[in-house]
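Undergrad: Got a structure for you, run02.pdb, holding PDB, C-alpha atoms.
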```pdb
ATOM      1  CA  PRO Q  23      -5.100  41.203  19.220
ATOM      2  CA  SER Q  24      -4.847  42.961  15.895
ATOM      3  CA  HIS Q  25      -1.227  41.953  15.306
ATOM      4  CA  CYS Q  26      -2.304  38.287  14.933
ATOM      5  CA  SER Q  27      -4.184  39.059  11.728
ATOM      6  CA  ASN Q  28      -0.889  39.948  10.014
ATOM      7  CA  MET Q  29       0.791  36.630  10.804
ATOM      8  CA  THR Q  30       1.889  34.440   7.923
ATOM      9  CA  THR Q  31       0.809  30.792   8.053
ATOM     10  CA  ILE Q  32       2.734  27.817   6.739
ATOM     11  CA  GLY Q  33       0.075  27.461   4.043
ATOM     12  CA  ASP Q  34       0.744  31.044   2.940
ATOM     13  CA  VAL Q  35       4.455  30.289   2.688
ATOM     14  CA  VAL Q  36       3.847  27.090   0.668
ATOM     15  CA  ASP Q  37       1.482  29.006  -1.640
ATOM     16  CA  ALA Q  38       4.098  31.743  -2.092
ATOM     17  CA  ILE Q  39       6.844  29.226  -2.933
ATOM     18  CA  GLY Q  40       4.560  27.400  -5.368
ATOM     19  CA  PHE Q  41       4.788  24.021  -7.035
ATOM     20  CA  GLY Q  42       8.232  22.637  -7.760
ATOM     21  CA  PRO Q  43      10.625  19.695  -7.476
ATOM     22  CA  SER Q  44       9.891  19.131  -3.775
ATOM     23  CA  GLN Q  45       6.238  18.511  -4.513
ATOM     24  CA  ILE Q  46       7.125  16.144  -7.344
ATOM     25  CA  VAL Q  47       9.318  14.130  -4.974
ATOM     26  CA  ALA Q  48       6.524  14.128  -2.389
ATOM     27  CA  ALA Q  49       4.036  12.949  -5.035
ATOM     28  CA  CYS Q  50       6.356  10.083  -5.952
ATOM     29  CA  ILE Q  51       6.708   9.110  -2.292
ATOM     30  CA  GLY Q  52       2.955   9.188  -1.755
ATOM     31  CA  GLY Q  53       2.218   7.611  -5.105
ATOM     32  CA  GLY Q  54       4.465   4.693  -4.250
ATOM     33  CA  ILE Q  55       2.222   3.732  -1.336
ATOM     34  CA  TRP Q  56      -0.777   3.726  -3.658
ATOM     35  CA  ALA Q  57       1.131   1.777  -6.350
ATOM     36  CA  ALA Q  58       2.139  -0.835  -3.779
ATOM     37  CA  ASP Q  59      -1.474  -1.117  -2.627
ATOM     38  CA  GLY Q  60      -2.766  -1.580  -6.158
ATOM     39  CA  ALA Q  61      -0.108  -4.199  -6.919
ATOM     40  CA  GLU Q  62      -0.729  -6.161  -3.723
ATOM     41  CA  ILE Q  63      -4.523  -6.128  -3.866
ATOM     42  CA  LEU Q  64      -4.735  -7.292  -7.469
ATOM     43  CA  MET Q  65      -2.070  -9.912  -6.857
ATOM     44  CA  LEU Q  66      -3.720 -11.348  -3.775
ATOM     45  CA  GLY Q  67      -7.112 -11.517  -5.455
ATOM     46  CA  SER Q  68      -5.574 -13.286  -8.438
ATOM     47  CA  ILE Q  69      -3.553 -15.920  -6.610
ATOM     48  CA  THR Q  70      -6.299 -17.224  -4.331
ATOM     49  CA  GLU Q  71      -7.221 -19.932  -6.827
ATOM     50  CA  ALA Q  72      -3.612 -21.156  -6.915
ATOM     51  CA  LEU Q  73      -3.592 -21.100  -3.112
ATOM     52  CA  SER Q  74      -6.785 -23.101  -3.120
ATOM     53  CA  HIS Q  75      -5.147 -25.853  -5.167
ATOM     54  CA  ASP Q  76      -1.953 -25.938  -3.087
ATOM     55  CA  TRP Q  77      -3.639 -25.894   0.318
ATOM     56  CA  GLU Q  78      -7.125 -27.221  -0.535
ATOM     57  CA  LEU Q  79      -8.829 -24.088   0.753
ATOM     58  CA  SER Q  80     -12.557 -23.608   0.993
ATOM     59  CA  ARG Q  81     -14.199 -20.571  -0.577
ATOM     60  CA  PHE Q  82     -14.498 -19.077   2.886
ATOM     61  CA  ALA Q  83     -10.757 -19.472   3.557
ATOM     62  CA  ARG Q  84      -9.886 -17.951   0.165
ATOM     63  CA  SER Q  85     -12.082 -14.941   0.804
ATOM     64  CA  ALA Q  86     -10.776 -14.609   4.370
ATOM     65  CA  VAL Q  87      -7.187 -14.333   3.088
ATOM     66  CA  VAL Q  88      -8.209 -11.297   1.054
ATOM     67  CA  SER Q  89     -10.536  -9.849   3.702
ATOM     68  CA  VAL Q  90      -7.933  -9.789   6.468
ATOM     69  CA  VAL Q  91      -5.918  -7.272   4.459
ATOM     70  CA  PHE Q  92      -8.792  -4.809   4.762
ATOM     71  CA  GLN Q  93      -9.105  -5.481   8.476
ATOM     72  CA  GLY Q  94      -5.432  -4.578   8.709
ATOM     73  CA  VAL Q  95      -6.083  -1.389   6.744
ATOM     74  CA  LEU Q  96      -8.690  -0.447   9.350
ATOM     75  CA  VAL Q  97      -6.176  -0.898  12.172
ATOM     76  CA  GLY Q  98      -3.512   1.017  10.237
ATOM     77  CA  ASN Q  99      -5.946   3.875   9.559
ATOM     78  CA  LEU Q 100      -6.741   4.101  13.251
ATOM     79  CA  LEU Q 101      -3.024   4.250  14.109
ATOM     80  CA  SER Q 102      -1.978   6.590  11.306
ATOM     81  CA  GLY Q 103      -3.331   9.802  12.789
ATOM     82  CA  VAL Q 104      -1.754   9.208  16.192
ATOM     83  CA  VAL Q 105       1.603   8.190  14.719
ATOM     84  CA  GLY Q 106       1.567  11.022  12.170
ATOM     85  CA  ASP Q 107       0.669  13.636  14.767
ATOM     86  CA  SER Q 108       3.295  12.347  17.190
ATOM     87  CA  PHE Q 109       6.222  11.787  14.832
ATOM     88  CA  GLY Q 110       5.361  13.673  11.649
ATOM     89  CA  ARG Q 111       3.850  12.461   8.385
ATOM     90  CA  ARG Q 112       6.998  11.076   6.795
ATOM     91  CA  PRO Q 113       7.817   8.302   9.340
ATOM     92  CA  PRO Q 114       4.494   6.458   8.904
ATOM     93  CA  VAL Q 115       4.957   6.559   5.133
ATOM     94  CA  LEU Q 116       8.486   5.139   5.379
ATOM     95  CA  ILE Q 117       7.435   2.532   7.948
ATOM     96  CA  SER Q 118       4.625   1.583   5.604
ATOM     97  CA  TYR Q 119       7.048   0.907   2.754
ATOM     98  CA  GLY Q 120       9.285  -1.238   4.939
ATOM     99  CA  CYS Q 121       6.431  -3.268   6.389
ATOM    100  CA  ILE Q 122       4.856  -3.856   2.984
ATOM    101  CA  VAL Q 123       8.104  -5.374   1.693
ATOM    102  CA  VAL Q 124       8.825  -7.431   4.816
ATOM    103  CA  PHE Q 125       5.332  -8.862   5.241
ATOM    104  CA  SER Q 126       4.814  -9.455   1.516
ATOM    105  CA  VAL Q 127       8.019 -11.473   1.323
ATOM    106  CA  LEU Q 128       7.072 -13.302   4.527
ATOM    107  CA  SER Q 129       3.693 -14.055   2.900
ATOM    108  CA  ALA Q 130       5.532 -15.955   0.183
ATOM    109  CA  LEU Q 131       7.232 -18.085   2.849
ATOM    110  CA  THR Q 132       4.050 -19.116   4.671
ATOM    111  CA  TRP Q 133       3.054 -22.735   5.083
ATOM    112  CA  ASN Q 134      -0.693 -22.524   5.706
ATOM    113  CA  VAL Q 135      -3.674 -20.185   5.504
ATOM    114  CA  TRP Q 136      -3.226 -19.004   9.108
ATOM    115  CA  THR Q 137       0.349 -17.848   8.634
ATOM    116  CA  LEU Q 138      -0.563 -16.238   5.336
ATOM    117  CA  GLY Q 139      -3.504 -14.450   6.946
ATOM    118  CA  PHE Q 140      -1.251 -13.230   9.760
ATOM    119  CA  CYS Q 141       1.231 -11.738   7.297
ATOM    120  CA  ARG Q 142      -1.496 -10.196   5.165
ATOM    121  CA  VAL Q 143      -3.027  -8.434   8.186
ATOM    122  CA  PHE Q 144       0.308  -6.660   8.652
ATOM    123  CA  VAL Q 145       0.458  -5.756   4.960
ATOM    124  CA  GLY Q 146      -2.958  -4.160   5.449
ATOM    125  CA  ILE Q 147      -1.793  -2.328   8.577
ATOM    126  CA  ALA Q 148       1.121  -0.975   6.558
ATOM    127  CA  PHE Q 149      -1.200   0.384   3.863
ATOM    128  CA  GLY Q 150      -3.506   1.827   6.492
ATOM    129  CA  LEU Q 151      -0.599   3.523   8.224
ATOM    130  CA  GLY Q 152       0.943   5.077   5.108
ATOM    131  CA  GLN Q 153      -1.971   6.250   2.991
ATOM    132  CA  PRO Q 154      -3.622   8.671   5.454
ATOM    133  CA  ALA Q 155      -0.209  10.030   6.448
ATOM    134  CA  TRP Q 156       0.518  10.701   2.789
ATOM    135  CA  ASN Q 157      -2.855  12.387   2.272
ATOM    136  CA  ALA Q 158      -2.186  14.713   5.208
ATOM    137  CA  MET Q 159       1.383  15.363   4.087
ATOM    138  CA  CYS Q 160       0.159  16.136   0.577
ATOM    139  CA  SER Q 161      -2.097  18.867   1.911
ATOM    140  CA  GLU Q 162       0.709  20.290   4.017
ATOM    141  CA  VAL Q 163       3.392  20.467   1.306
ATOM    142  CA  SER Q 164       1.263  21.385  -1.706
ATOM    143  CA  PRO Q 165       0.200  24.851  -2.770
ATOM    144  CA  THR Q 166      -3.557  25.249  -2.442
ATOM    145  CA  SER Q 167      -4.017  25.316  -6.212
ATOM    146  CA  MET Q 168      -2.228  21.945  -6.640
ATOM    147  CA  ARG Q 169      -3.579  19.868  -3.737
ATOM    148  CA  ALA Q 170      -6.231  18.057  -5.724
ATOM    149  CA  THR Q 171      -3.820  17.447  -8.596
ATOM    150  CA  MET Q 172      -1.214  16.013  -6.216
ATOM    151  CA  ASN Q 173      -3.737  13.621  -4.680
ATOM    152  CA  ILE Q 174      -5.001  12.592  -8.105
ATOM    153  CA  MET Q 175      -1.439  11.938  -9.296
ATOM    154  CA  ALA Q 176      -0.795   9.727  -6.261
ATOM    155  CA  GLY Q 177      -4.137   7.966  -6.736
ATOM    156  CA  CYS Q 178      -3.297   7.221 -10.367
ATOM    157  CA  CYS Q 179      -0.307   5.299  -9.093
ATOM    158  CA  TRP Q 180      -2.766   2.763  -7.665
ATOM    159  CA  CYS Q 181      -3.737   1.948 -11.243
ATOM    160  CA  LEU Q 182      -0.072   1.693 -12.209
ATOM    161  CA  GLY Q 183       0.434  -0.797  -9.387
ATOM    162  CA  GLU Q 184      -2.473  -2.872 -10.630
ATOM    163  CA  MET Q 185      -1.099  -2.799 -14.184
ATOM    164  CA  TYR Q 186       2.286  -3.916 -12.852
ATOM    165  CA  SER Q 187       0.676  -6.922 -11.144
ATOM    166  CA  ALA Q 188      -1.424  -7.703 -14.207
ATOM    167  CA  VAL Q 189       1.716  -7.878 -16.340
ATOM    168  CA  LEU Q 190       3.399 -10.151 -13.777
ATOM    169  CA  ILE Q 191       0.383 -12.451 -13.647
ATOM    170  CA  LEU Q 192       0.049 -12.645 -17.416
ATOM    171  CA  ALA Q 193       3.772 -13.350 -17.786
ATOM    172  CA  ASP Q 194       3.561 -16.133 -15.216
ATOM    173  CA  ASP Q 195       0.488 -17.889 -16.616
ATOM    174  CA  PRO Q 196      -1.921 -16.160 -19.023
ATOM    175  CA  ALA Q 197      -4.574 -18.813 -18.308
ATOM    176  CA  LEU Q 198      -4.330 -18.146 -14.533
ATOM    177  CA  LYS Q 199      -4.385 -21.908 -13.920
ATOM    178  CA  ASP Q 200      -0.898 -22.619 -12.548
ATOM    179  CA  LEU Q 201       0.391 -19.395 -10.994
ATOM    180  CA  ASP Q 202       3.585 -19.459  -8.950
ATOM    181  CA  TRP Q 203       1.941 -17.518  -6.141
ATOM    182  CA  ARG Q 204       5.029 -17.372  -3.944
ATOM    183  CA  ARG Q 205       7.166 -15.743  -6.601
ATOM    184  CA  LEU Q 206       4.334 -13.405  -7.570
ATOM    185  CA  LEU Q 207       3.898 -12.200  -3.980
ATOM    186  CA  ILE Q 208       7.599 -11.363  -3.812
ATOM    187  CA  PHE Q 209       7.489  -9.505  -7.133
ATOM    188  CA  ALA Q 210       4.346  -7.647  -6.031
ATOM    189  CA  SER Q 211       6.345  -6.114  -3.178
ATOM    190  CA  PHE Q 212       8.797  -4.425  -5.583
ATOM    191  CA  PRO Q 213       6.850  -1.137  -5.930
ATOM    192  CA  SER Q 214       7.559  -0.577  -2.233
ATOM    193  CA  LEU Q 215      11.287  -0.795  -2.915
ATOM    194  CA  ILE Q 216      11.337   1.922  -5.561
TER     195      ILE Q 216
END
```
Take the structure in this file and express it as structure tokens.
TA:
Amino acid sequence: PSHCSNMTTIGDVVDAIGFGPSQIVAACIGGGIWAADGAEILMLGSITEALSHDWELSRFARSAVVSVVFQGVLVGNLLSGVVGDSFGRRPPVLISYGCIVVFSVLSALTWNVWTLGFCRVFVGIAFGLGQPAWNAMCSEVSPTSMRATMNIMAGCCWCLGEMYSAVLILADDPALKDLDWRRLLIFASFPSLI
């Protein structure tokens, strides 16, 4: 019917309202997931040598500890759409933050490569759950003219997370020979608390 062509969409309303404080808050929420990811990935890649010394890990085991995070991301990505469509975009993002903190701290308490790998899979699931939900939410709450900028701002937070971890690592041991990997894993979870 012709009356449907005059209907206002949610996108039209968001475009009419424009960019403002709500979008800045949303960008910080979404950017935090990316910052946490950057911090965790750099940290895990950097501490594998220290893990190798503590637990006498083979090269395969060291690489597996890092690889399982990405397997978790795959699972989280597969779940994110269903969870986001069923409960909204915000809950998966908030669940992601909580799980990143919990499983990162639990990673610091592990006693062997298997328990560490188990915890890191769930860190990956948390990233995989939160990032797509944020990307969808960004498109829904941003005016058309600012969508790319909002995603770029959130993506830049990944670099900030990596810089945060780099500073932690350099403060712990600039030579990267005797890193306190347990403490570093706990500190790497802090971006998820902000």
Undergrad: Could you state the separation of CA of Gln153 in chain Q and CA of Ser44 in chain Q in Å, given to one decimal place?
TA: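 CA of Gln153 in chain Q sits 18.8 Å away from CA of Ser44 in chain Q.
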Undergrad: What does the distance from CA of Asn157 in chain Q to CA of Leu207 in chain Q come to in Å, to one decimal?
TA: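 Distance reported for this atom pair: 26.3 Å.
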Undergrad: Could you jot down the CA of Glu62 in chain Q to CA of Gly183 in chain Q separation for me, Å, one decimal place?
TA: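 CA of Gly183 in chain Q lies 7.9 Å from CA of Glu62 in chain Q.
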Undergrad: Please identify all polymer residues within 8 Å of range 117-129 of chain Q, counting all atoms listed in the file, omitting same-chain residues fewer than 4 positions from it, and present them as a PyMOL selection string.
TA: chain Q and resi 55+58+113+137-138+141-142+144-145+148-149+151-152+204+207-208+210-212+214-215
Undergrad: Can you give me, as a ChimeraX atom specification, the residues this file yields under the PyMOL selection byres ((chain Q and resi 173) around 9)?
TA: /Q:49,52-53,157,160-161,168-172,174-178
Undergrad: May I ask which of the residues Q:Pro213, Q:Phe92, Q:Gly98, Q:Val47 is the closest one to Trp180 in chain Q, counting all atoms listed in the file?
TA: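 Using all atoms listed in the file, the shortest distance to Trp180 in chain Q belongs to Q:Pro213.
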